[in-house]
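protein15.cif, holding mmCIF, C-alpha atoms:
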data_my_file
#
loop_
_atom_site.group_PDB
_atom_site.id
_atom_site.type_symbol
_atom_site.label_atom_id
_atom_site.label_comp_id
_atom_site.auth_asym_id
_atom_site.auth_seq_id
_atom_site.Cartn_x
_atom_site.Cartn_y
_atom_site.Cartn_z
ATOM 1 C CA MET A 275 0.000 0.000 0.000
ATOM 2 C CA ALA A 276 1.230 3.474 -0.795
ATOM 3 C CA THR A 277 0.047 7.071 -0.749
ATOM 4 C CA ASN A 278 -0.430 9.158 -3.881
ATOM 5 C CA GLN A 279 2.501 11.342 -2.863
ATOM 6 C CA SER A 280 4.982 8.470 -2.334
ATOM 7 C CA LEU A 281 3.968 6.891 -5.636
ATOM 8 C CA LYS A 282 4.510 10.136 -7.516
ATOM 9 C CA ASN A 283 7.946 10.542 -5.924
ATOM 10 C CA GLN A 284 8.995 7.040 -7.019
ATOM 11 C CA ILE A 285 7.791 7.665 -10.598
ATOM 12 C CA ALA A 286 9.655 10.991 -10.743
ATOM 13 C CA ASN A 287 12.893 9.335 -9.538
ATOM 14 C CA LYS A 288 12.484 6.607 -12.144
ATOM 15 C CA LYS A 289 12.118 9.174 -14.932
ATOM 16 C CA ASP A 290 15.086 11.207 -13.691
ATOM 17 C CA ASN A 291 17.331 8.150 -13.943
ATOM 18 C CA ALA A 292 16.079 7.391 -17.449
ATOM 19 C CA GLN A 293 16.809 10.955 -18.516
ATOM 20 C CA ALA A 294 20.545 10.796 -17.700
ATOM 21 C CA PRO A 295 22.506 11.025 -20.991
ATOM 22 C CA SER A 296 24.870 8.254 -22.082
ATOM 23 C CA SER A 297 28.556 9.083 -22.354
ATOM 24 C CA ALA A 298 30.969 7.584 -24.837
ATOM 25 C CA GLN A 299 32.849 5.904 -22.003
ATOM 26 C CA SER A 300 29.734 4.219 -20.602
ATOM 27 C CA LEU A 301 28.633 3.067 -24.055
ATOM 28 C CA GLY A 302 31.928 1.304 -24.743
ATOM 29 C CA LEU A 303 33.384 0.731 -28.204
ATOM 30 C CA LYS A 304 30.745 -1.792 -29.263
ATOM 31 C CA GLY A 305 27.966 0.516 -28.095
ATOM 32 C CA LEU A 306 29.466 3.417 -30.029
ATOM 33 C CA LEU A 307 29.749 1.408 -33.226
ATOM 34 C CA ASN A 308 26.179 0.138 -32.818
ATOM 35 C CA ALA A 309 24.808 3.666 -32.438
ATOM 36 C CA PRO A 310 22.716 4.520 -35.554
ATOM 37 C CA THR A 311 24.348 7.933 -35.829
ATOM 38 C CA MET A 312 27.848 6.442 -35.860
ATOM 39 C CA GLN A 313 26.897 3.743 -38.356
ATOM 40 C CA LYS A 314 25.503 6.442 -40.623
ATOM 41 C CA LYS A 315 28.784 8.388 -40.457
ATOM 42 C CA PHE A 316 30.829 5.371 -41.530
ATOM 43 C CA GLU A 317 28.321 4.591 -44.291
ATOM 44 C CA GLN A 318 28.661 8.138 -45.613
ATOM 45 C CA VAL A 319 32.421 7.613 -45.921
ATOM 46 C CA LEU A 320 32.663 3.946 -46.947
ATOM 47 C CA ASP A 321 29.226 3.197 -48.387
ATOM 48 C CA LYS A 322 28.764 -0.603 -48.651
ATOM 49 C CA LYS A 323 32.190 -1.298 -47.149
ATOM 50 C CA ALA A 324 31.181 0.253 -43.806
ATOM 51 C CA PRO A 325 29.936 -2.935 -42.018
ATOM 52 C CA GLN A 326 33.110 -4.858 -42.879
ATOM 53 C CA PHE A 327 35.336 -1.957 -41.799
ATOM 54 C CA MET A 328 33.494 -1.530 -38.485
ATOM 55 C CA ALA A 329 33.805 -5.272 -37.838
ATOM 56 C CA SER A 330 37.569 -4.978 -38.381
ATOM 57 C CA ILE A 331 37.702 -2.265 -35.698
ATOM 58 C CA LEU A 332 36.135 -4.647 -33.179
ATOM 59 C CA ASN A 333 38.509 -7.442 -34.213
ATOM 60 C CA LEU A 334 41.467 -5.122 -33.703
ATOM 61 C CA TYR A 335 40.075 -4.001 -30.327
ATOM 62 C CA ASN A 336 39.416 -7.540 -29.075
ATOM 63 C CA GLY A 337 42.933 -8.653 -29.962
ATOM 64 C CA ASP A 338 44.809 -5.719 -28.411
ATOM 65 C CA PRO A 339 44.758 -5.425 -24.570
ATOM 66 C CA GLY A 340 46.436 -2.029 -24.768
ATOM 67 C CA LEU A 341 43.705 -0.696 -27.029
ATOM 68 C CA GLN A 342 41.010 -2.061 -24.714
ATOM 69 C CA ALA A 343 42.244 0.321 -22.013
ATOM 70 C CA ALA A 344 41.996 3.349 -24.332
ATOM 71 C CA GLU A 345 39.137 5.850 -24.471
ATOM 72 C CA PRO A 346 36.509 4.357 -26.858
ATOM 73 C CA MET A 347 35.796 7.645 -28.642
ATOM 74 C CA SER A 348 39.490 8.100 -29.476
ATOM 75 C CA ILE A 349 39.488 4.665 -31.116
ATOM 76 C CA VAL A 350 36.468 5.584 -33.235
ATOM 77 C CA SER A 351 38.018 8.945 -34.173
ATOM 78 C CA SER A 352 41.256 7.268 -35.262
ATOM 79 C CA ALA A 353 39.324 4.655 -37.235
ATOM 80 C CA MET A 354 37.348 7.405 -38.958
ATOM 81 C CA VAL A 355 40.608 8.940 -40.207
ATOM 82 C CA ALA A 356 41.592 5.592 -41.731
ATOM 83 C CA ALA A 357 38.115 5.249 -43.234
ATOM 84 C CA SER A 358 38.321 8.703 -44.816
ATOM 85 C CA LEU A 359 41.584 7.611 -46.474
ATOM 86 C CA ASP A 360 40.041 4.250 -47.448
ATOM 87 C CA LEU A 361 42.806 2.305 -45.715
ATOM 88 C CA PRO A 362 42.338 -0.872 -43.627
ATOM 89 C CA VAL A 363 43.232 -0.789 -39.918
ATOM 90 C CA ASP A 364 44.366 -4.418 -39.739
ATOM 91 C CA LYS A 365 47.849 -4.060 -38.246
ATOM 92 C CA ASN A 366 49.019 -7.192 -40.060
ATOM 93 C CA LEU A 367 48.544 -5.415 -43.400
ATOM 94 C CA GLY A 368 50.656 -2.418 -42.418
ATOM 95 C CA TYR A 369 48.624 0.294 -44.174
ATOM 96 C CA ALA A 370 47.482 2.072 -41.019
ATOM 97 C CA TRP A 371 47.582 1.480 -37.282
ATOM 98 C CA ILE A 372 45.453 2.512 -34.333
ATOM 99 C CA VAL A 373 47.852 2.608 -31.398
ATOM 100 C CA PRO A 374 47.206 3.319 -27.687
ATOM 101 C CA PHE A 375 49.198 5.882 -25.743
ATOM 102 C CA TYR A 376 48.912 7.634 -22.401
ATOM 103 C CA ASP A 377 47.425 11.118 -22.684
ATOM 104 C CA GLY A 378 49.140 13.009 -19.888
ATOM 105 C CA LYS A 379 46.920 16.076 -20.325
ATOM 106 C CA LYS A 380 43.707 14.108 -19.775
ATOM 107 C CA GLY A 381 45.141 11.504 -17.446
ATOM 108 C CA HIS A 382 44.018 8.387 -19.313
ATOM 109 C CA LYS A 383 44.895 6.162 -22.248
ATOM 110 C CA ALA A 384 43.742 7.167 -25.718
ATOM 111 C CA ALA A 385 44.177 5.897 -29.265
ATOM 112 C CA GLN A 386 46.053 7.606 -32.104
ATOM 113 C CA PHE A 387 45.986 7.084 -35.871
ATOM 114 C CA GLN A 388 49.313 6.271 -37.508
ATOM 115 C CA LEU A 389 49.913 5.753 -41.199
ATOM 116 C CA GLY A 390 52.168 2.880 -42.294
ATOM 117 C CA TYR A 391 54.682 3.013 -45.139
ATOM 118 C CA LYS A 392 52.380 0.859 -47.266
ATOM 119 C CA GLY A 393 49.665 3.461 -46.702
ATOM 120 C CA TYR A 394 51.947 6.207 -48.028
ATOM 121 C CA ILE A 395 52.740 4.135 -51.115
ATOM 122 C CA GLN A 396 49.047 3.433 -51.680
ATOM 123 C CA LEU A 397 48.087 7.119 -51.450
ATOM 124 C CA ALA A 398 50.963 8.114 -53.744
ATOM 125 C CA LEU A 399 49.910 5.622 -56.426
ATOM 126 C CA ARG A 400 46.334 6.927 -56.315
ATOM 127 C CA THR A 401 47.522 10.328 -57.524
ATOM 128 C CA GLY A 402 48.546 8.831 -60.875
ATOM 129 C CA GLN A 403 51.731 10.923 -60.776
ATOM 130 C CA TYR A 404 54.180 8.243 -59.633
ATOM 131 C CA LYS A 405 55.714 5.817 -62.104
ATOM 132 C CA SER A 406 57.492 3.912 -59.338
ATOM 133 C CA ILE A 407 57.952 4.250 -55.578
ATOM 134 C CA ASN A 408 59.620 2.032 -52.992
ATOM 135 C CA VAL A 409 61.507 1.910 -49.699
ATOM 136 C CA ILE A 410 63.817 -0.864 -48.488
ATOM 137 C CA SER A 411 66.043 -1.794 -45.576
ATOM 138 C CA VAL A 412 69.760 -2.153 -46.346
ATOM 139 C CA LYS A 413 71.758 -4.957 -44.750
ATOM 140 C CA GLU A 414 75.423 -4.956 -43.927
ATOM 141 C CA GLY A 415 77.470 -5.594 -47.074
ATOM 142 C CA GLU A 416 74.729 -4.545 -49.567
ATOM 143 C CA LEU A 417 75.654 -0.853 -49.862
ATOM 144 C CA VAL A 418 78.524 -0.322 -52.325
ATOM 145 C CA LYS A 419 78.543 3.487 -52.488
ATOM 146 C CA TRP A 420 76.307 6.480 -51.792
ATOM 147 C CA ASN A 421 76.817 10.071 -52.979
ATOM 148 C CA ARG A 422 74.657 12.466 -50.959
ATOM 149 C CA LEU A 423 75.130 15.307 -53.449
ATOM 150 C CA THR A 424 74.355 13.579 -56.731
ATOM 151 C CA GLU A 425 72.186 10.922 -55.044
ATOM 152 C CA GLU A 426 73.989 8.197 -56.926
ATOM 153 C CA ILE A 427 73.636 4.959 -55.012
ATOM 154 C CA GLU A 428 74.876 1.479 -55.798
ATOM 155 C CA PHE A 429 73.804 -1.774 -54.183
ATOM 156 C CA ASP A 430 74.970 -5.351 -54.287
ATOM 157 C CA LEU A 431 71.768 -7.058 -53.152
ATOM 158 C CA ASN A 432 73.556 -10.407 -53.110
ATOM 159 C CA GLY A 433 76.445 -9.131 -51.054
ATOM 160 C CA ALA A 434 74.878 -9.140 -47.589
ATOM 161 C CA THR A 435 77.410 -10.346 -45.017
ATOM 162 C CA SER A 436 74.917 -10.494 -42.140
ATOM 163 C CA GLU A 437 71.299 -9.827 -41.248
ATOM 164 C CA THR A 438 72.233 -6.599 -39.482
ATOM 165 C CA ILE A 439 70.430 -3.582 -40.966
ATOM 166 C CA ILE A 440 72.681 -0.552 -41.454
ATOM 167 C CA GLY A 441 70.228 1.854 -43.129
ATOM 168 C CA TYR A 442 67.105 2.495 -45.183
ATOM 169 C CA CYS A 443 66.681 3.745 -48.757
ATOM 170 C CA GLY A 444 63.642 5.444 -50.297
ATOM 171 C CA TYR A 445 63.046 6.171 -53.975
ATOM 172 C CA PHE A 446 60.373 7.460 -56.324
ATOM 173 C CA LYS A 447 60.097 8.419 -59.987
ATOM 174 C CA LEU A 448 57.329 10.585 -61.405
ATOM 175 C CA ILE A 449 55.720 10.069 -64.787
ATOM 176 C CA ASN A 450 57.309 13.378 -65.913
ATOM 177 C CA GLY A 451 60.756 11.857 -65.368
ATOM 178 C CA PHE A 452 61.685 13.504 -62.056
ATOM 179 C CA GLU A 453 63.212 11.052 -59.573
ATOM 180 C CA LYS A 454 64.547 11.266 -56.038
ATOM 181 C CA THR A 455 66.592 8.941 -53.830
ATOM 182 C CA VAL A 456 67.332 9.260 -50.106
ATOM 183 C CA TYR A 457 69.424 7.078 -47.832
ATOM 184 C CA TRP A 458 69.332 7.164 -44.030
ATOM 185 C CA THR A 459 71.883 5.359 -41.910
ATOM 186 C CA LYS A 460 70.650 3.494 -38.845
ATOM 187 C CA ASP A 461 72.241 6.158 -36.635
ATOM 188 C CA GLU A 462 70.486 8.980 -38.514
ATOM 189 C CA LEU A 463 67.162 7.212 -38.164
ATOM 190 C CA GLU A 464 67.675 6.598 -34.443
ATOM 191 C CA ALA A 465 68.533 10.262 -33.899
ATOM 192 C CA HIS A 466 65.309 11.249 -35.657
ATOM 193 C CA ARG A 467 63.228 8.744 -33.668
ATOM 194 C CA ILE A 468 64.641 9.879 -30.329
ATOM 195 C CA LYS A 469 64.122 13.543 -31.190
ATOM 196 C CA PHE A 470 60.412 13.101 -31.914
ATOM 197 C CA ASN A 471 59.660 10.447 -29.293
ATOM 198 C CA LYS A 472 56.815 11.707 -27.066
ATOM 199 C CA ALA A 473 57.652 9.341 -24.195
ATOM 200 C CA LYS A 474 59.499 10.560 -21.107
ATOM 201 C CA ASP A 475 62.306 8.135 -21.878
ATOM 202 C CA LYS A 476 63.292 9.378 -25.327
ATOM 203 C CA LYS A 477 65.326 6.288 -26.154
ATOM 204 C CA SER A 478 62.527 3.858 -25.304
ATOM 205 C CA LEU A 479 60.766 1.878 -28.032
ATOM 206 C CA ASN A 480 56.983 2.083 -27.815
ATOM 207 C CA ASN A 481 53.914 1.043 -29.777
ATOM 208 C CA VAL A 482 54.719 0.108 -33.384
ATOM 209 C CA TRP A 483 58.399 1.025 -32.975
ATOM 210 C CA LYS A 484 58.590 -1.821 -30.471
ATOM 211 C CA SER A 485 56.492 -4.367 -32.370
ATOM 212 C CA ASP A 486 57.688 -3.588 -35.936
ATOM 213 C CA TYR A 487 60.785 -1.384 -35.970
ATOM 214 C CA ASP A 488 61.536 -1.870 -39.677
ATOM 215 C CA ALA A 489 58.023 -0.867 -40.752
ATOM 216 C CA MET A 490 58.219 2.374 -38.754
ATOM 217 C CA ALA A 491 61.739 3.072 -39.989
ATOM 218 C CA MET A 492 60.720 2.683 -43.647
ATOM 219 C CA LYS A 493 57.622 4.805 -43.009
ATOM 220 C CA THR A 494 59.803 7.569 -41.524
ATOM 221 C CA VAL A 495 62.156 7.605 -44.527
ATOM 222 C CA LEU A 496 59.304 7.521 -47.049
ATOM 223 C CA ARG A 497 57.293 10.192 -45.253
ATOM 224 C CA ASN A 498 60.289 12.529 -45.210
ATOM 225 C CA LEU A 499 60.960 11.820 -48.903
ATOM 226 C CA LEU A 500 57.386 12.505 -50.036
ATOM 227 C CA SER A 501 56.778 15.538 -47.826
ATOM 228 C CA LYS A 502 59.904 17.284 -49.160
ATOM 229 C CA TRP A 503 60.011 16.302 -52.836
ATOM 230 C CA GLY A 504 56.862 14.384 -53.768
ATOM 231 C CA ILE A 505 53.645 15.520 -55.432
ATOM 232 C CA LEU A 506 51.036 15.610 -52.680
ATOM 233 C CA SER A 507 47.333 15.285 -53.413
ATOM 234 C CA VAL A 508 44.799 16.717 -50.962
ATOM 235 C CA GLU A 509 44.354 13.191 -49.620
ATOM 236 C CA MET A 510 48.102 12.817 -49.030
ATOM 237 C CA GLN A 511 48.316 16.211 -47.345
ATOM 238 C CA LYS A 512 45.556 15.148 -44.978
ATOM 239 C CA ALA A 513 47.358 11.874 -44.280
ATOM 240 C CA LEU A 514 50.620 13.677 -43.468
ATOM 241 C CA THR A 515 48.802 15.957 -41.036
ATOM 242 C CA GLU A 516 46.741 13.252 -39.344
ATOM 243 C CA ASP A 517 49.784 11.001 -39.014
ATOM 244 C CA GLU A 518 51.309 13.406 -36.526
ATOM 245 C CA ASP A 519 48.454 15.429 -35.062
ATOM 246 C CA GLN A 520 45.910 14.345 -32.506
ATOM 247 C CA PRO A 521 42.415 14.428 -34.044
ATOM 248 C CA GLU A 522 39.718 16.370 -32.256
ATOM 249 C CA ARG A 523 37.477 13.983 -30.366
ATOM 250 C CA LYS A 524 33.798 14.505 -30.037
ATOM 251 C CA ASP A 525 31.584 12.694 -27.543
ATOM 252 C CA ILE A 526 29.062 10.625 -29.464
ATOM 253 C CA ALA A 527 26.540 11.298 -26.698
ATOM 254 C CA GLU A 528 26.030 14.692 -28.324
ATOM 255 C CA ASP A 529 24.694 12.990 -31.456
ATOM 256 C CA ILE A 530 22.664 10.177 -29.874
ATOM 257 C CA GLU A 531 19.033 11.193 -29.699
ATOM 258 C CA GLN A 532 17.406 10.640 -26.332
ATOM 259 C CA PRO A 533 13.627 10.101 -26.196
ATOM 260 C CA PRO A 534 11.942 13.230 -24.824
ATOM 261 C CA ILE A 535 10.540 12.786 -21.322
ATOM 262 C CA ASP A 536 8.048 15.335 -20.086
ATOM 263 C CA ILE A 537 8.238 15.714 -16.348
ATOM 264 C CA THR A 538 6.055 18.457 -14.914
ATOM 265 C CA PRO A 539 7.201 19.296 -11.394
ATOM 266 C CA GLU A 540 4.486 19.140 -8.791
ATOM 267 C CA PRO A 541 3.849 22.524 -7.164
ATOM 268 C CA VAL A 542 5.089 22.645 -3.598
ATOM 269 C CA THR A 543 2.280 23.352 -1.129
ATOM 270 C CA GLU A 544 2.196 23.678 2.596
ATOM 271 C CA GLU A 545 0.398 20.349 2.822
ATOM 272 C CA SER A 546 3.013 18.499 0.775
ATOM 273 C CA THR A 547 5.833 20.046 2.848
ATOM 274 C CA GLU A 548 4.238 18.816 6.020
ATOM 275 C CA THR A 549 3.834 15.341 4.550
ATOM 276 C CA LYS A 550 7.511 15.274 3.536
ATOM 277 C CA ASN A 551 8.627 16.038 7.087
ATOM 278 C CA GLU A 552 6.546 13.276 8.621
ATOM 279 C CA LYS A 553 7.873 9.803 9.388
ATOM 280 C CA PRO A 554 7.401 7.382 6.495
ATOM 281 C CA SER A 555 5.417 4.979 8.674
ATOM 282 C CA ILE A 556 2.617 7.482 9.342
ATOM 283 C CA PHE A 557 -0.017 8.218 6.654
ATOM 284 C CA ASP A 558 -2.533 11.038 7.118
ATOM 285 C CA GLY A 559 -3.460 11.325 3.444
ATOM 286 C CA GLU A 560 -5.833 9.187 1.471
ATOM 287 C CA VAL A 561 -4.646 5.592 1.403
ATOM 288 C CA ILE A 562 -4.992 3.617 -1.809
ATOM 289 C CA ASP A 563 -4.431 -0.044 -2.420
ATOM 290 C CA ILE A 564 -2.037 -0.718 -5.341
ATOM 291 C CA LYS A 565 -0.842 -4.172 -6.309
ATOM 292 C CA ASP A 566 2.745 -4.803 -7.357
ATOM 293 C CA GLU A 567 1.736 -5.781 -10.882
ATOM 294 C CA ASP A 568 0.049 -2.366 -11.359
ATOM 295 C CA LEU A 569 3.352 -0.496 -10.976
ATOM 296 C CA PRO A 570 5.431 0.416 -14.066
ATOM 297 C CA PHE A 571 8.656 -0.589 -12.306
ATOM 298 C CA ASP A 572 10.019 -3.023 -9.750
ATOM 299 C CA VAL A 573 9.590 -2.159 -6.073
#

Can you dump the structure from the file as structure tokens?
Amino acid sequence: MATNQSLKNQIANKKDNAQAPSSAQSLGLKGLLNAPTMQKKFEQVLDKKAPQFMASILNLYNGDPGLQAAEPMSIVSSAMVAASLDLPVDKNLGYAWIVPFYDGKKGHKAAQFQLGYKGYIQLALRTGQYKSINVISVKEGELVKWNRLTEEIEFDLNGATSETIIGYCGYFKLINGFEKTVYWTKDELEAHRIKFNKAKDKKSLNNVWKSDYDAMAMKTVLRNLLSKWGILSVEMQKALTEDEDQPERKDIAEDIEQPPIDITPEPVTEESTETKNEKPSIFDGEVIDIKDEDLPFDV
């Protein structure tokens, strides 16, 4: 048995809880990807390939404990960058990576988009301006000579004396005949990596540098080559920017539509104030008999 006033209070509390908005963190990655608004965004970018791409995000997430600790919205934002470039996020393919890192400013782990060297090659070929483009690692004994001024380089690819890598070489040739060659020694590459390492320990290997050093090394050489001397399409310019910058993250809760709930506050009267101050075991108002099955919620 309950009074009209106590019943109204319980209903109001129930509605208040239902009205609380969902945050990206509480939704989780799967909840974000299942949100109609988010699915629509990926469909606008990838069309019919959207479901397969979104499934690959979940596969990547489920297989990476480090990524599971990252902010879900940062994962989606990074994946959206890859989608806009039409590049897969499967780390085994090497076109693009979504890597976790600790965001010191926000005090939690987040995800960041990184473009692989294969991604740079793919974007360059799409421009239709490159006749050939490649980047390789150079083992000890393979390099015969290298002239930094004339960029004349000679290899003996059968002359490797060990598996030790001493440097990396990048090359491209445009359809108009222009060509460019760069060679970085292992020491030059390490100096570059340490200089731009965001970790407190500058010499430490983290993320993809730790799991696939050669892939990151070749990406670094190729990125430097293309950004200085290559023909960059709008798509490639975006890739170069996103590869280094942190994308702006937006909480998906802003886009998820919540069903409108109309709650009209009950006017406070002297009688209701007096009732509120009374002990809950005493009822002076009209008593009504309500069965449990008549209530819209569990009591």

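Nearest residue to Ala357 (chain A), choosing from A:Lys477, A:Lys379, A:Lys315, A:Arg400 and counting all atoms listed in the file: A:Lys315.
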
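Shortest separation to Asp430 (chain A) among A:Pro374, A:Gly415, A:Gly340, A:Pro325 occurs at residue A:Gly415, atoms counted being only C-alpha atoms.
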
Once the PyMOL selection byres ((chain A and resi 414) around 8) has been evaluated on this model, what residues remain selected, and can you format them as a PyMOL selection string?
chain A and resi 412-413+415-417+434-440

Residue members of the PyMOL selection byres ((chain A and resi 361-365) around 9) in the file shown, as a count of residues only:
21

Going by the chain IDs and residue numbers used in this file, which residues fall under the PyMOL selection byres ((chain A and resi 483-497) around 10)? Write them as a VMD selection string.
chain A and resid 368 388 to 395 407 to 411 439 441 to 446 456 to 458 460 463 to 464 466 to 467 478 to 482 498 to 502 504 514 517

Give me the residues near Leu341 (chain A) as a VMD selection string, where near means some atom within 9 Å (using all atoms listed in the file) and where sequence neighbours in that chain fewer than 4 positions away do not count.
chain A and resid 334 to 337 345 to 346 349 372 to 375 383 to 385

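In this structure, CA of Leu448 (chain A) sits 5.1 Å away from CA of Lys405 (chain A).
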
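You will find CA of Gly305 (chain A) at 13.7 Å from CA of Gln342 (chain A).
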
Can you work out the spacing between CA of Asp338 (chain A) and CA of Glu317 (chain A) in Å, to one decimal?
25.1 Å

Could region 307-329 of chain A be completed with N, CA and C atoms and returned as a short mmCIF file (atom, residue, chain, number, x, y, z; two decimals), in the coordinates of the input?
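The result, stored in out_0.cif:
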data_model
loop_
_atom_site.label_atom_id
_atom_site.label_comp_id
_atom_site.auth_asym_id
_atom_site.auth_seq_id
_atom_site.Cartn_x
_atom_site.Cartn_y
_atom_site.Cartn_z
N LEU A 307 29.86 1.87 -31.84
CA LEU A 307 29.75 1.41 -33.23
C LEU A 307 28.33 0.96 -33.58
N ASN A 308 27.56 0.55 -32.57
CA ASN A 308 26.18 0.14 -32.82
C ASN A 308 25.20 1.31 -32.84
N ALA A 309 25.67 2.49 -32.43
CA ALA A 309 24.81 3.67 -32.44
C ALA A 309 24.43 4.02 -33.88
N PRO A 310 23.15 4.21 -34.18
CA PRO A 310 22.72 4.52 -35.55
C PRO A 310 23.44 5.72 -36.15
N THR A 311 23.67 6.74 -35.33
CA THR A 311 24.35 7.93 -35.83
C THR A 311 25.77 7.62 -36.28
N MET A 312 26.48 6.79 -35.50
CA MET A 312 27.85 6.44 -35.86
C MET A 312 27.88 5.54 -37.09
N GLN A 313 26.96 4.61 -37.18
CA GLN A 313 26.90 3.74 -38.36
C GLN A 313 26.64 4.56 -39.62
N LYS A 314 25.80 5.58 -39.48
CA LYS A 314 25.50 6.44 -40.62
C LYS A 314 26.75 7.21 -41.07
N LYS A 315 27.56 7.65 -40.12
CA LYS A 315 28.78 8.39 -40.46
C LYS A 315 29.76 7.51 -41.24
N PHE A 316 29.93 6.27 -40.81
CA PHE A 316 30.83 5.37 -41.53
C PHE A 316 30.26 5.02 -42.91
N GLU A 317 28.94 4.89 -43.00
CA GLU A 317 28.32 4.59 -44.29
C GLU A 317 28.49 5.75 -45.27
N GLN A 318 28.47 6.97 -44.76
CA GLN A 318 28.66 8.14 -45.61
C GLN A 318 30.07 8.16 -46.21
N VAL A 319 31.03 7.61 -45.47
CA VAL A 319 32.42 7.61 -45.92
C VAL A 319 32.75 6.38 -46.77
N LEU A 320 32.27 5.22 -46.32
CA LEU A 320 32.66 3.95 -46.95
C LEU A 320 31.57 3.27 -47.75
N ASP A 321 30.35 3.78 -47.67
CA ASP A 321 29.23 3.20 -48.39
C ASP A 321 29.04 1.73 -47.98
N LYS A 322 29.06 0.80 -48.93
CA LYS A 322 28.76 -0.60 -48.65
C LYS A 322 29.89 -1.30 -47.88
N LYS A 323 31.07 -0.68 -47.86
CA LYS A 323 32.19 -1.30 -47.15
C LYS A 323 32.17 -1.00 -45.65
N ALA A 324 31.22 -0.18 -45.20
CA ALA A 324 31.18 0.25 -43.81
C ALA A 324 31.04 -0.90 -42.81
N PRO A 325 30.08 -1.84 -43.00
CA PRO A 325 29.94 -2.94 -42.02
C PRO A 325 31.22 -3.76 -41.85
N GLN A 326 31.88 -4.07 -42.95
CA GLN A 326 33.11 -4.86 -42.88
C GLN A 326 34.21 -4.08 -42.16
N PHE A 327 34.31 -2.78 -42.43
CA PHE A 327 35.34 -1.96 -41.80
C PHE A 327 35.09 -1.85 -40.30
N MET A 328 33.83 -1.66 -39.90
CA MET A 328 33.49 -1.53 -38.48
C MET A 328 33.73 -2.85 -37.76
N ALA A 329 33.52 -3.96 -38.43
CA ALA A 329 33.80 -5.27 -37.84
C ALA A 329 35.31 -5.43 -37.61
#
